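Asks: Take a look at this one; I'll ask things after.
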Amino acid sequence: MIRIILVLTFLILFLTLGLPVLFFGWLIKGRTGRATLEVSTAMVHWAFGIVLRLSGTDVTVEGREHIPDSEAVLYVGNHRSYFDIISTYAQLKAPAGFIAKAEMSRIPLLRFWMAKIGCLFLNRDDIKQGLKTIMDAIAQIKGGVSVIIYPEGTRNRNEDPGELLEFHEGSLKIAQKSGCRIVPVAIYGTDDIFEKHMPMIRKKKIVIRFGEPFYSKEIPEEYKKKHGLYLQELISSMIRDIERTHAA
């Protein structure tokens with residue numbers, strides 16, 4: 001129980017006391033939107049690193065050389081836990097926002113910080129708004145800020161971590177329309193931290209594997225109209241390989 005108390009206390013303090021730090025950082029960096037993005041990104045990277053330490057999470061990162069230093073890309077990952085974004089984001093080198101469900105935008109302080117690092121909110125029940133979110137993500141990548149998506153659309157609760165939910169095709173058009181590269185991300189073991197024994201947080205080892213980046217046009221011909229299926233099968237195979245090399 002002590003870990004969940006420490007994590008929640010730290011997050012509340014960060015969301016509130018971090019505001020004046022963000023303001024002064026913005027003043028020092030130059031009072032521009034880009035300055036706010038860079039300062040916010042650095043602060044959130046630091047905060048997520050602290051959360052991982054407080055929760056006792058031991059992260060093994062594979063394929064770190066596939067994480068771009070400055071190039072904006074589309075990160076595509078599987079989704080089993082709230083800790084997916086925390087553990088993944090803490091490894092990135094350049095600004096990136098993730099597409100989150102619209103419900104998260106109703107939490108004022110959280111919405112503020114998410115907006116400052118380039119996050120976008122998706123209403124899955126509103127097709128028109130969903131298309132706008134996709135267009136905003138395309139514009140964001142063209143503007144030099146990466147986007148992180150979880151095409152399963154919701155947390156996967158299958159017992160077998162390699163059995164992924166169907167990847168939604170719409171979100172993958174971000175890479176097609178922006179011309180950016182795709183970085184597949186396989187996340188293994190995050191649900192062991194919290195979801196399998198809520199409300200407890202337990203000390204666990206997880207693995208994040210960043211695959212080699214590629215362009216949409218490089219997807220095999222038989223998957224040209226099924227990019228979601230291709231990414232689903234690719235990330236599933238990455239998870240299977242992680243299981244073979246780490247589970248024992």
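Ordering of the structure tokens sets the chain letters (A, B, ...), residue numbers begin anew at 1 in every chain, and ligands are numbered from 1 in the order given.
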Need to verify the contact set: region 223-225 of chain A, 12 Å, only C-alpha atoms, exclusion of same-chain residues closer than 4 positions in sequence. Can you return it as an MDAnalysis selection string?
Replies: chainID A and resid 169:170 172:173 176 215:219 229:234
Asks: Can you tell me which residues surround Ala102 (chain A) at a distance of at most 9 Å, considering only C-alpha atoms, apart from same-chain residues fewer than 4 positions away, and format the answer as a list of chain:residue names?
Replies: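 Once the nearby chain positions are removed, what remains is A:Arg106, A:Leu120, A:Phe121, A:Leu122, A:Asn123, A:Arg124.
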Asks: Rounded to one decimal place, report the CA of Val21 (chain A)-CA of Ile148 (chain A) distance in Å.
Replies: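 The value is 25.6 Å.
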Asks: For region 187-198 of chain A, list every protein, DNA or RNA residue within 6 Å, evaluated using only C-alpha atoms, and leave out those in the same chain fewer than 4 positions away; present the list as a list in words.
Replies: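 Everything that qualifies: Arg80, Ser81, Phe83, Arg202, Lys204, Ile206, Val207 and Ile208 of chain A.
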Asks: Which residues in region 16-242 of chain A does DSSP call helix (DSSP H, G or I)? List them as a ChimeraX atom specification.
Replies: /A:16-29,33-54,64-66,83-89,102-106,108-116,127-142,170-178,190-192,195-197,216-218,221-223,227-242
Asks: Please identify all polymer residues within 12 Å of Lys101 (chain A), counting only C-alpha atoms, omitting same-chain residues fewer than 4 positions from it, and present them as a ChimeraX atom specification.
Replies: /A:105-107,111,114,119-126,129-130,133,149-151,153-155
Asks: Include N, CA and C atoms and write out the residues we just selected as a compact mmCIF listing (two decimals), in the first residue's frame.
Replies:
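Everything below was put into again.txt:
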# COMPACT_ATOMS: atom_id res chain seq x y z
N SER A 105 -9.68 14.50 -20.45
CA SER A 105 -9.68 15.95 -20.61
C SER A 105 -10.57 16.63 -19.57
N ARG A 106 -11.33 15.85 -18.83
CA ARG A 106 -12.22 16.42 -17.81
C ARG A 106 -11.52 16.67 -16.48
N ILE A 107 -10.27 16.25 -16.38
CA ILE A 107 -9.50 16.45 -15.15
C ILE A 107 -8.63 17.68 -15.37
N ARG A 111 -5.33 17.69 -17.61
CA ARG A 111 -5.53 18.17 -18.98
C ARG A 111 -4.50 19.24 -19.33
N MET A 114 -1.09 17.62 -19.93
CA MET A 114 -1.13 16.81 -21.15
C MET A 114 -1.10 17.70 -22.39
N CYS A 119 -0.33 16.34 -26.07
CA CYS A 119 -1.31 15.25 -26.09
C CYS A 119 -2.60 15.71 -26.77
N LEU A 120 -3.30 14.75 -27.36
CA LEU A 120 -4.56 15.02 -28.04
C LEU A 120 -5.62 14.11 -27.45
N PHE A 121 -6.86 14.57 -27.44
CA PHE A 121 -7.94 13.82 -26.82
C PHE A 121 -8.91 13.31 -27.89
N LEU A 122 -9.22 12.03 -27.80
CA LEU A 122 -10.04 11.37 -28.82
C LEU A 122 -11.38 10.93 -28.23
N ASN A 123 -12.46 11.41 -28.83
CA ASN A 123 -13.80 10.97 -28.47
C ASN A 123 -14.20 9.86 -29.44
N ARG A 124 -14.16 8.64 -28.96
CA ARG A 124 -14.41 7.50 -29.83
C ARG A 124 -15.86 7.37 -30.27
N ASP A 125 -16.75 8.14 -29.62
CA ASP A 125 -18.18 8.09 -29.98
C ASP A 125 -18.58 9.17 -30.97
N ASP A 126 -17.65 10.04 -31.31
CA ASP A 126 -17.94 11.15 -32.22
C ASP A 126 -17.00 11.05 -33.42
N GLN A 129 -15.36 14.42 -34.55
CA GLN A 129 -14.31 14.86 -33.63
C GLN A 129 -13.09 13.95 -33.73
N GLY A 130 -13.34 12.64 -33.96
CA GLY A 130 -12.24 11.70 -34.10
C GLY A 130 -11.37 12.00 -35.31
N THR A 133 -9.16 14.93 -34.54
CA THR A 133 -8.02 14.54 -33.72
C THR A 133 -6.91 13.94 -34.58
N ILE A 149 0.49 6.34 -30.09
CA ILE A 149 -0.88 5.82 -30.14
C ILE A 149 -0.91 4.36 -29.68
N TYR A 150 -2.08 3.97 -29.18
CA TYR A 150 -2.36 2.58 -28.80
C TYR A 150 -3.59 2.16 -29.62
N PRO A 151 -3.37 1.57 -30.80
CA PRO A 151 -4.48 1.30 -31.73
C PRO A 151 -5.50 0.27 -31.25
N GLY A 153 -7.25 0.69 -28.77
CA GLY A 153 -8.36 1.54 -28.38
C GLY A 153 -8.74 1.49 -26.92
N THR A 154 -8.35 0.43 -26.24
CA THR A 154 -8.63 0.28 -24.82
C THR A 154 -7.62 -0.70 -24.24
N ARG A 155 -7.57 -0.79 -22.91
CA ARG A 155 -6.61 -1.70 -22.31
C ARG A 155 -6.99 -3.16 -22.60
Asks: Excluding Ile239 (chain A) and residues on its chain fewer than 4 positions from it, collect all residues at most 8 Å away from it, counting only C-alpha atoms, and give them as a ChimeraX atom specification.
Replies: /A:161-162,186-188,235,243
Asks: Could you give me, as CSV, a per-residue list for region 75-123 of chain A showing, wherever an atom lies at most 6 Å from an atom of region 36-53 of chain A, the closest pair of atoms and their distance in Å to one decimal, using only C-alpha atoms and sorting by chain then residue number from low to high?
Replies:
residue,atom,partner,partner_atom,distance
A:Ile86,CA,A:Phe48,CA,5.6
A:Ala90,CA,A:His45,CA,5.0
A:Pro95,CA,A:Thr41,CA,5.9
A:Lys116,CA,A:Leu37,CA,5.8
A:Ile117,CA,A:Leu37,CA,5.5
Asks: Taking only C-alpha atoms into account, name the residue in A:Glu163, A:Glu221, A:Asp69, A:Asp241 that is nearest to Arg209 (chain A).
Replies: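 Smallest distance to Arg209 (chain A) is found for A:Asp241.
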Asks: Using only C-alpha atoms, which residue out of A:Ala35, A:Leu109, A:Ala115, A:Leu54 lies closest to Thr9 (chain A)?
Replies: A:Leu54
Asks: So which one's closest to Ser236 (chain A), A:Phe214, A:Phe10, A:Phe167, A:Phe24? Using only C-alpha atoms, please.
Replies: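 Smallest distance to Ser236 (chain A) is found for A:Phe167.
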Asks: Out of A:Ser146, A:Asn156, A:Thr245, A:Gln140, which residue has the shortest atom-to-atom distance to Pro68 (chain A) when counting only C-alpha atoms?
Replies: A:Ser146
Asks: Would you mind telling me which residue in A:Ile67, A:Leu13, A:Leu6, A:Val73 lies nearest to Gln91 (chain A) when using only C-alpha atoms?
Replies: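 Among A:Ile67, A:Leu13, A:Leu6, A:Val73, it is A:Ile67 that comes nearest to Gln91 (chain A).
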